[in-house]
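A.B. asks: coords.cif is reproduced in full below (mmCIF, C-alpha atoms).
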data_protein
loop_
_atom_site.label_atom_id
_atom_site.label_comp_id
_atom_site.auth_asym_id
_atom_site.auth_seq_id
_atom_site.Cartn_x
_atom_site.Cartn_y
_atom_site.Cartn_z
CA MET A 1 -13.63 -7.71 17.57
CA SER A 2 -15.37 -6.50 14.43
CA HIS A 3 -13.54 -5.73 11.20
CA TRP A 4 -14.32 -2.03 11.60
CA LEU A 5 -13.21 -1.74 15.23
CA ARG A 6 -9.97 -3.53 14.44
CA SER A 7 -9.09 -2.00 11.09
CA ARG A 8 -10.52 1.52 10.83
CA PRO A 9 -8.44 3.11 13.66
CA ALA A 10 -5.26 2.08 11.82
CA SER A 11 -6.34 2.87 8.25
CA THR A 12 -8.68 4.99 6.12
CA ASP A 13 -12.15 4.44 4.69
CA ALA A 14 -10.79 4.77 1.16
CA MET A 15 -8.13 2.07 1.58
CA LEU A 16 -10.51 -0.27 3.39
CA ALA A 17 -12.79 0.00 0.37
CA VAL A 18 -9.94 -1.00 -1.97
CA PHE A 19 -9.54 -4.35 -0.22
CA ASP A 20 -13.09 -5.08 0.94
CA ASP A 21 -15.24 -8.00 -0.19
CA ASP A 22 -17.14 -5.96 -2.76
CA ALA A 23 -13.92 -4.86 -4.46
CA THR A 24 -12.53 -8.39 -4.43
CA LEU A 25 -15.65 -9.80 -6.06
CA ARG A 26 -15.85 -6.94 -8.54
CA HIS A 27 -12.29 -7.58 -9.74
CA ALA A 28 -12.82 -11.36 -9.88
CA LEU A 29 -15.94 -10.98 -12.00
CA ALA A 30 -14.19 -8.41 -14.19
CA PHE A 31 -11.42 -10.96 -14.83
CA GLU A 32 -13.87 -13.64 -15.99
CA ALA A 33 -15.82 -11.22 -18.16
CA ALA A 34 -12.69 -9.73 -19.75
CA LEU A 35 -11.24 -13.19 -20.39
CA ALA A 36 -14.40 -14.29 -22.17
CA ARG A 37 -14.47 -11.17 -24.33
CA ALA A 38 -10.80 -11.57 -25.22
CA GLU A 39 -11.27 -15.21 -26.22
CA ALA A 40 -14.37 -14.40 -28.25
CA ALA A 41 -12.43 -11.69 -30.10
CA GLU A 42 -9.86 -14.34 -31.00
CA GLU A 43 -12.63 -16.78 -32.00
CA LEU A 44 -11.75 -19.25 -29.27
CA ILE A 45 -15.27 -19.18 -27.86
CA GLU A 46 -18.60 -18.13 -29.37
CA ALA A 47 -19.55 -14.45 -29.17
CA GLU A 48 -22.90 -15.45 -27.68
CA ALA A 49 -21.15 -17.31 -24.88
CA ALA A 50 -18.95 -14.32 -24.11
CA GLU A 51 -21.98 -12.04 -24.08
CA ALA A 52 -23.81 -14.33 -21.64
CA ILE A 53 -20.75 -14.45 -19.35
CA ASP A 54 -20.31 -10.69 -19.52
CA MET A 55 -23.96 -10.04 -18.69
CA LEU A 56 -23.98 -12.49 -15.79
CA CYS A 57 -20.79 -11.04 -14.29
CA ALA A 58 -22.37 -7.59 -14.45
CA ARG A 59 -25.60 -8.50 -12.69
CA ILE A 60 -24.93 -11.46 -10.38
CA VAL A 61 -25.29 -10.85 -6.64
CA ILE A 62 -23.15 -13.03 -4.38
CA ASP A 63 -23.17 -13.15 -0.60
CA PRO A 64 -19.50 -12.70 0.37
CA ALA A 65 -19.94 -14.67 3.60
CA GLU A 66 -21.35 -17.69 1.75
CA LEU A 67 -18.64 -17.54 -0.88
CA ALA A 68 -15.97 -17.20 1.80
CA ASN A 69 -17.16 -20.38 3.50
CA GLU A 70 -17.05 -22.22 0.18
CA ALA A 71 -13.59 -20.82 -0.61
CA ALA A 72 -12.31 -21.93 2.78
CA LEU A 73 -13.30 -25.49 1.90
CA ALA A 74 -12.10 -25.34 -1.72
CA GLY A 75 -8.79 -23.63 -0.91
CA THR A 76 -9.29 -20.83 -3.41
CA LEU A 77 -11.88 -18.21 -4.31
CA ALA A 78 -11.98 -19.17 -7.99
CA ILE A 79 -13.44 -22.67 -7.55
CA PRO A 80 -16.75 -21.71 -5.89
CA LEU A 81 -17.02 -18.50 -7.90
CA VAL A 82 -16.69 -20.30 -11.23
CA ALA A 83 -19.09 -23.00 -10.04
CA ARG A 84 -21.72 -20.39 -9.17
CA LEU A 85 -21.34 -18.67 -12.53
CA ARG A 86 -21.57 -21.93 -14.47
CA LYS A 87 -24.77 -22.85 -12.66
CA ASP A 88 -26.44 -19.69 -14.01
CA LEU A 89 -25.12 -19.90 -17.58
CA PRO A 90 -26.36 -21.76 -20.64
CA GLU A 91 -24.43 -24.99 -21.24
CA SER A 92 -22.27 -23.62 -24.06
CA ALA A 93 -21.33 -20.51 -22.08
CA ALA A 94 -20.68 -22.57 -18.95
CA LYS A 95 -18.14 -24.65 -20.85
CA ALA A 96 -16.50 -21.52 -22.28
CA LEU A 97 -16.18 -19.78 -18.90
CA HIS A 98 -12.65 -19.63 -17.44
CA LYS A 99 -11.19 -21.23 -20.58
CA GLY A 100 -7.40 -21.50 -20.43
CA ALA A 101 -7.22 -19.92 -16.99
CA THR A 102 -6.54 -21.31 -13.55
CA SER A 103 -7.43 -20.32 -10.00
CA GLN A 104 -4.15 -18.54 -9.41
CA ASP A 105 -4.59 -16.40 -12.52
CA LEU A 106 -7.78 -14.99 -11.03
CA ALA A 107 -6.32 -14.60 -7.53
CA ASP A 108 -3.16 -12.85 -8.70
CA CYS A 109 -5.02 -10.52 -11.05
CA VAL A 110 -7.44 -9.53 -8.30
CA LEU A 111 -4.49 -8.81 -6.02
CA VAL A 112 -2.56 -6.71 -8.54
CA LEU A 113 -5.67 -4.71 -9.37
CA GLN A 114 -6.06 -3.96 -5.68
CA ILE A 115 -2.37 -3.13 -5.36
CA ARG A 116 -2.63 -0.57 -8.15
CA ALA A 117 -5.79 0.94 -6.69
CA GLY A 118 -4.20 1.05 -3.24
CA HIS A 119 -1.10 2.72 -4.58
CA ALA A 120 -3.21 5.40 -6.24
CA ARG A 121 -4.98 6.06 -2.93
CA LEU A 122 -1.67 6.46 -1.11
CA ALA A 123 -0.29 8.96 -3.61
CA ALA A 124 -2.44 11.91 -2.53
CA ASP A 125 -1.55 11.77 1.17
CA LEU A 126 2.12 11.11 0.44
CA GLY A 127 2.16 14.16 -1.81
CA ARG A 128 0.64 16.21 1.00
CA VAL A 129 3.38 15.07 3.38
CA ALA A 130 6.18 15.88 0.94
CA THR A 131 4.82 19.32 0.05
CA ALA A 132 4.13 20.41 3.62
CA LEU A 133 7.50 19.19 4.91
CA ALA A 134 9.34 21.00 2.11
CA THR A 135 7.64 24.25 3.12
CA LEU A 136 8.50 23.75 6.79
CA ALA A 137 12.09 22.81 6.02
CA ARG A 138 12.67 25.95 3.99
CA ARG A 139 11.01 28.12 6.63
CA HIS A 140 13.24 26.79 9.41
CA ALA A 141 16.42 25.99 7.46
CA ALA A 142 18.36 28.74 9.26
CA THR A 143 16.72 28.31 12.69
CA PRO A 144 19.50 27.20 15.06
CA ALA A 145 18.46 24.21 17.17
CA ILE A 146 20.22 21.63 19.24
CA GLY A 147 21.02 18.46 17.35
CA ARG A 148 20.78 15.22 19.29
CA THR A 149 22.69 11.98 18.85
CA LEU A 150 22.00 8.86 20.90
CA LEU A 151 19.17 10.91 22.46
CA GLN A 152 21.66 13.33 23.98
CA ASP A 153 22.54 16.96 23.13
CA ALA A 154 25.18 17.00 20.39
CA LEU A 155 25.87 20.09 18.22
CA PRO A 156 23.66 22.81 16.73
CA ILE A 157 21.85 22.15 13.47
CA GLY A 158 19.34 24.03 11.36
CA PHE A 159 15.92 22.87 12.54
CA GLY A 160 14.84 22.73 8.91
CA LEU A 161 17.59 20.25 8.09
CA ARG A 162 15.96 17.71 10.37
CA ILE A 163 12.66 18.26 8.56
CA ALA A 164 14.35 18.05 5.17
CA GLN A 165 15.73 14.65 6.13
CA TRP A 166 12.22 13.44 6.96
CA GLN A 167 11.00 14.72 3.63
CA ALA A 168 13.83 13.19 1.62
CA GLY A 169 13.33 9.78 3.19
CA ILE A 170 9.59 9.78 2.57
CA VAL A 171 9.96 10.97 -1.03
CA ALA A 172 12.61 8.33 -1.79
CA ALA A 173 10.43 5.61 -0.28
CA THR A 174 7.42 6.86 -2.25
CA GLU A 175 9.36 6.68 -5.49
CA ARG A 176 10.68 3.20 -4.63
CA LEU A 177 7.12 1.96 -4.10
CA GLY A 178 6.04 3.46 -7.43
CA ARG A 179 8.79 1.59 -9.27
CA GLU A 180 7.94 -1.70 -7.58
CA VAL A 181 4.23 -1.38 -8.32
CA GLU A 182 4.88 -0.50 -11.95
CA SER A 183 7.13 -3.54 -12.51
CA GLY A 184 5.47 -6.03 -10.16
CA ALA A 185 1.71 -5.41 -10.38
CA VAL A 186 1.19 -6.83 -13.87
CA LEU A 187 -1.14 -9.31 -15.56
CA GLN A 188 -0.89 -12.95 -14.51
CA PHE A 189 -2.29 -15.31 -17.11
CA GLY A 190 -0.65 -18.69 -17.41
CA GLY A 191 -3.24 -21.42 -17.16
CA ALA A 192 -3.00 -24.71 -15.30
CA ALA A 193 0.79 -25.12 -15.36
CA GLY A 194 1.89 -21.74 -16.67
CA THR A 195 2.10 -22.83 -20.32
CA ARG A 196 -1.06 -21.11 -21.65
CA ALA A 197 -2.14 -24.43 -23.09
CA GLY A 198 -5.38 -25.03 -24.98
CA LEU A 199 -5.65 -21.65 -26.68
CA SER A 200 -4.75 -22.69 -30.25
CA ASP A 201 -1.61 -20.53 -30.52
CA LYS A 202 -3.66 -17.43 -29.70
CA ALA A 203 -2.61 -17.17 -26.07
CA ASP A 204 -0.44 -14.09 -26.57
CA ALA A 205 -3.26 -12.24 -28.27
CA VAL A 206 -5.71 -13.23 -25.53
CA SER A 207 -3.23 -12.09 -22.89
CA ALA A 208 -2.79 -8.72 -24.58
CA ARG A 209 -6.55 -8.19 -24.84
CA LEU A 210 -7.09 -9.31 -21.24
CA ALA A 211 -4.39 -6.98 -19.95
CA LYS A 212 -5.83 -4.02 -21.85
CA ALA A 213 -9.35 -4.71 -20.58
CA LEU A 214 -8.17 -4.89 -16.97
CA GLY A 215 -5.86 -1.88 -17.28
CA LEU A 216 -2.75 -3.89 -16.45
CA PRO A 217 0.61 -4.18 -18.22
CA ASP A 218 0.82 -7.42 -20.18
CA ALA A 219 3.48 -9.89 -19.05
CA PRO A 220 4.56 -13.52 -19.38
CA PRO A 221 3.26 -15.78 -16.61
CA TRP A 222 4.97 -15.12 -13.26
CA HIS A 223 2.87 -17.26 -10.96
CA ALA A 224 5.88 -19.16 -9.58
CA ARG A 225 8.14 -16.10 -9.38
CA ARG A 226 7.07 -13.97 -6.43
CA GLU A 227 9.82 -11.34 -6.40
CA GLY A 228 7.39 -8.75 -7.75
CA THR A 229 4.99 -9.01 -4.84
CA ALA A 230 7.91 -9.32 -2.43
CA GLY A 231 9.37 -6.10 -3.82
CA ILE A 232 6.07 -4.28 -3.33
CA ALA A 233 5.79 -5.56 0.23
CA SER A 234 9.35 -4.51 1.02
CA ALA A 235 8.80 -1.06 -0.50
CA LEU A 236 5.64 -0.61 1.57
CA ALA A 237 7.52 -1.54 4.73
CA ILE A 238 10.30 0.93 3.86
CA LEU A 239 7.72 3.66 3.21
CA ILE A 240 6.00 3.02 6.53
CA GLY A 241 9.39 3.09 8.22
CA ALA A 242 10.20 6.46 6.64
CA LEU A 243 6.91 7.85 7.92
CA GLY A 244 7.71 6.27 11.27
CA LYS A 245 11.05 8.09 11.44
CA MET A 246 9.20 11.39 11.21
CA ALA A 247 6.64 10.23 13.76
CA ARG A 248 9.32 9.17 16.23
CA ASP A 249 11.11 12.50 15.97
CA VAL A 250 7.92 14.54 16.33
CA SER A 251 6.85 12.57 19.39
CA LEU A 252 10.26 13.12 20.99
CA LEU A 253 10.21 16.83 20.19
CA ALA A 254 6.76 17.07 21.79
CA GLN A 255 7.87 15.67 25.15
CA ASN A 256 7.49 17.80 28.28
CA GLY A 257 10.79 19.54 28.90
CA ILE A 258 11.58 19.75 25.17
CA GLY A 259 8.42 21.09 23.56
CA GLU A 260 10.03 22.16 20.30
CA ALA A 261 7.25 20.82 18.06
CA ARG A 262 3.91 19.13 18.47
CA GLU A 263 1.05 17.75 16.45
CA PRO A 264 -1.68 20.20 15.49
CA ALA A 265 -4.60 20.39 17.90
CA VAL A 266 -7.53 18.47 16.41
CA PRO A 267 -10.86 18.14 18.25
CA GLY A 268 -11.26 14.61 19.56
CA ARG A 269 -7.64 13.61 19.00
CA GLY A 270 -4.85 13.23 21.53
CA GLY A 271 -6.82 13.44 24.75
CA SER A 272 -6.69 11.13 27.75
CA SER A 273 -9.60 9.31 29.36
CA ALA A 274 -8.05 9.86 32.80
CA MET A 275 -5.82 12.96 32.51
CA ALA A 276 -7.46 16.03 31.03
CA HIS A 277 -4.20 17.97 30.90
CA LYS A 278 -2.51 15.61 28.42
CA ARG A 279 -2.10 16.23 24.68
CA ASN A 280 -0.93 12.94 23.30
CA PRO A 281 0.78 12.59 19.87
CA THR A 282 -1.90 10.24 18.58
CA ALA A 283 -1.13 10.64 14.87
CA CYS A 284 2.44 9.63 15.63
CA GLN A 285 1.05 6.70 17.58
CA ILE A 286 -0.88 5.46 14.54
CA THR A 287 2.25 5.69 12.42
CA LEU A 288 4.59 4.10 14.94
CA SER A 289 2.14 1.23 15.42
CA ALA A 290 2.17 0.71 11.65
CA ALA A 291 5.97 0.81 11.63
CA THR A 292 6.03 -1.86 14.32
CA ARG A 293 3.74 -4.16 12.33
CA ALA A 294 5.16 -3.63 8.84
CA PRO A 295 8.48 -5.55 9.08
CA GLY A 296 6.76 -8.75 10.18
CA LEU A 297 4.19 -8.54 7.40
CA ALA A 298 6.88 -7.94 4.80
CA ALA A 299 9.06 -10.72 6.24
CA GLY A 300 6.24 -13.22 5.81
CA ILE A 301 5.99 -12.38 2.12
CA LEU A 302 9.76 -12.58 1.71
CA ALA A 303 9.68 -16.03 3.30
CA GLY A 304 7.24 -17.08 0.58
CA LEU A 305 9.89 -16.59 -2.10
CA THR A 306 11.22 -20.06 -1.33
CA ALA A 307 7.72 -21.53 -0.94
CA ALA A 308 7.08 -21.26 -4.68
CA GLU A 309 7.72 -24.86 -5.53
CA GLN A 310 8.04 -25.72 -9.21
CA GLU A 311 5.03 -24.51 -11.24
CA ARG A 312 2.71 -23.58 -8.33
CA GLY A 313 3.68 -23.25 -4.72
CA LEU A 314 1.86 -24.56 -1.68
CA GLY A 315 1.21 -22.01 1.06
CA GLY A 316 3.58 -19.25 -0.05
CA TRP A 317 1.70 -17.10 -2.56
CA GLN A 318 -1.54 -17.82 -0.72
CA ALA A 319 -0.13 -15.84 2.23
CA GLU A 320 0.58 -12.73 0.16
CA GLY A 321 -2.92 -11.31 -0.31
CA PRO A 322 -3.84 -10.84 3.36
CA ALA A 323 -0.38 -9.53 4.25
CA LEU A 324 -0.23 -7.08 1.34
CA ALA A 325 -3.72 -5.85 2.16
CA GLU A 326 -2.64 -5.20 5.75
CA LEU A 327 0.47 -3.37 4.57
CA PHE A 328 -1.60 -1.08 2.35
CA LEU A 329 -4.13 -0.51 5.12
CA ILE A 330 -1.58 0.54 7.70
CA ALA A 331 0.42 2.52 5.13
CA ALA A 332 -2.74 4.49 4.36
CA GLY A 333 -3.36 5.17 8.04
CA ALA A 334 0.22 6.30 8.55
CA ALA A 335 0.28 8.49 5.43
CA GLU A 336 -2.99 10.22 6.31
CA ALA A 337 -1.89 10.76 9.91
CA MET A 338 1.47 12.25 8.99
CA ALA A 339 -0.06 14.41 6.25
CA GLY A 340 -2.12 16.08 8.95
CA VAL A 341 0.92 16.47 11.17
CA ALA A 342 3.07 17.89 8.39
CA GLU A 343 0.43 20.42 7.36
CA GLY A 344 -0.25 21.61 10.89
CA LEU A 345 2.99 20.99 12.78
CA GLU A 346 3.37 23.52 15.57
CA VAL A 347 7.00 24.61 15.81
CA ASP A 348 7.89 26.51 19.01
CA GLU A 349 10.88 28.67 18.11
CA GLY A 350 11.04 29.99 21.69
CA ALA A 351 11.49 26.48 23.07
CA ILE A 352 14.05 25.70 20.37
CA ALA A 353 16.07 28.78 21.37
CA ARG A 354 15.83 28.02 25.10
CA ASN A 355 16.99 24.44 24.65
CA LEU A 356 19.89 25.56 22.47
CA GLU A 357 20.97 28.18 25.01
CA ALA A 358 20.73 25.68 27.86
CA ALA A 359 23.01 23.29 25.98
CA GLY A 360 25.70 25.98 25.86
CA LEU A 361 27.08 24.80 22.54
CA GLY A 362 26.79 28.00 20.51
CA ASP A 363 24.74 28.46 17.36
CA ASP A 364 27.02 27.39 14.50
CA ILE A 365 24.77 25.22 12.33
CA GLY A 366 27.48 24.44 9.80
CA GLU A 367 26.21 23.81 6.28
CA SER A 368 22.67 23.05 7.42
CA GLU A 369 20.99 25.49 5.03
CA ALA A 370 22.88 24.23 1.99
CA LEU A 371 22.29 20.62 2.94
CA ALA A 372 18.57 21.20 3.42
CA ALA A 373 18.39 22.94 0.04
CA ALA A 374 20.19 20.04 -1.62
CA LEU A 375 17.85 17.47 -0.07
CA LEU A 376 14.76 19.41 -1.06
CA GLY A 377 16.06 20.04 -4.55
CA ASN A 378 16.46 16.29 -5.06
CA GLY A 379 13.26 15.32 -3.35
CA THR A 380 10.40 17.74 -3.96
CA ARG A 381 7.86 17.11 -6.69
#
Please go through the file and, once you have read it, give me the structure as structure tokens.
C.D. replies:
Amino acid sequence: MSHWLRSRPASTDAMLAVFDDDATLRHALAFEAALARAEAAEELIEAEAAEAIDMLCARIVIDPAELANEAALAGTLAIPLVARLRKDLPESAAKALHKGATSQDLADCVLVLQIRAGHARLAADLGRVATALATLARRHAATPAIGRTLLQDALPIGFGLRIAQWQAGIVAATERLGREVESGAVLQFGGAAGTRAGLSDKADAVSARLAKALGLPDAPPWHARREGTAGIASALAILIGALGKMARDVSLLAQNGIGEAREPAVPGRGGSSAMAHKRNPTACQITLSAATRAPGLAAGILAGLTAAEQERGLGGWQAEGPALAELFLIAAGAAEAMAGVAEGLEVDEGAIARNLEAAGLGDDIGESEALAAALLGNGTR
């Protein structure tokens, strides 16, 4: 199965571009160029060498498939990439390239740059979800509906309170992810054993310049502490789960015999190849599939916390990049899908009223309106 046939139905073009081969190479080359410029500014390498490195990184064309085969043999992307660059540089610049850095510095910086770009892509769709749900919740805050516990009729609630709970969960998860990205997606620059050796007491200055050039917060080396990436993975899984809660409820409300809400009708979405009468909740399907996959992906990264032996782990941090990429890809698919649902959700007040009357439990919705207002007041942005 091709990359596109496997990945695009569960994600978005924009998020696929964040983690594709071109982006990975672009960030890796940007790291080497920025490192050379930073070291030249601190007079650790010659300015001419830095200029040659910078120019080569800007113009070199590398076949990702060839480099991937070489990386599979070497065990890391940095080794064949640096070897290719050195081959095309003058001798003095070749010696200056990658000075004071190690393979994991490059790999971690590429990953955190992609994490930050991926987070920025998610923000727009998550904002759409929050805004649209807040509007729906206020509109239906006083609409009496049957509440359901353990999938059975319970007591009346305001229909908008259910929507406000979706919104509050998604907003809280969005904010959690933002905090984790801000604290965990930071510069990694430690060198061979995390000591920043060989930089003539100018390592801190080089790190600060490198961080500024890459647009990352500066930080001490964290290569053997993986709680930052684990926190981002966990927050992504929580976010996907919050979107999945909404998707599960919408799909249940759309069932025949309930029919209180359904996804908006979109040409080409939700049909059946065998049953023309069906209108399937396909956006919910995308999101629920993501919610099924996310816990396992996050668990793999959490397992890597103990596979961070001494100054560089074996097999733990190397598992993070693919899993984090998948988490961002499916989070993007879920966020885009539920943004469309939230903005076009069809609420059938007639069906809501009929189901409530059939339950025979009255129409006292308690403090639903006040509770919805409190949730929205704490959650809307």
A.B. asks: When the PyMOL selection byres ((chain A and resi 34) around 9) is applied to the structure above, which residues does it catch, written out as a ChimeraX atom specification?
C.D. replies: /A:29-33,35-39,50,54,209-211,213-214
A.B. asks: Just so the selection is clear, what residues does the PyMOL selection byres ((chain A and resi 100-103) around 12) cover here, as an MDAnalysis selection string?
C.D. replies: chainID A and resid 28 31:32 34:36 38:39 44:45 71 74:83 95:99 104:110 188:204 206:207 210 221 223 312 318
A.B. asks: Care to translate the PyMOL selection byres ((chain A and resi 327) around 9) into actual residues of this file, as a list of chain:residue names?
C.D. replies: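 Applied to this file, the PyMOL selection byres ((chain A and resi 327) around 9) selects A:Ala233, A:Leu236, A:Ala237, A:Ile240, A:Ala290, A:Arg293, A:Ala294, A:Leu297, A:Ala298, A:Pro322, A:Ala323, A:Leu324, A:Ala325, A:Glu326, A:Phe328, A:Leu329, A:Ile330, A:Ala331, A:Ala332.
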A.B. asks: Ranking A:Gly215, A:Pro144, A:Gly244, A:Gly362 by minimum distance to A:Gly350 and counting all atoms listed in the file, which one comes first?
C.D. replies: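 The closest residue to A:Gly350 is A:Pro144.
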A.B. asks: Quick one: everything within 12 Å of A:Arg6, counting all atoms listed in the file, minus sequence neighbours fewer than 3 positions away in the same chain. Send it as a ChimeraX atom specification.
C.D. replies: /A:1-3,9-12,16,326,329-330
A.B. asks: Quick one, how far is atom CA of A:Ala283 from atom CA of A:Leu155?
C.D. replies: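 One can read the atom CA of A:Ala283 to atom CA of A:Leu155 distance as 28.8 Å.
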A.B. asks: Suppose you want the space between atom CA of A:Leu89 and atom CA of A:Glu42; what is it in Å?
C.D. replies: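 So the two atoms, atom CA of A:Leu89 and atom CA of A:Glu42, lie 21.1 Å apart.
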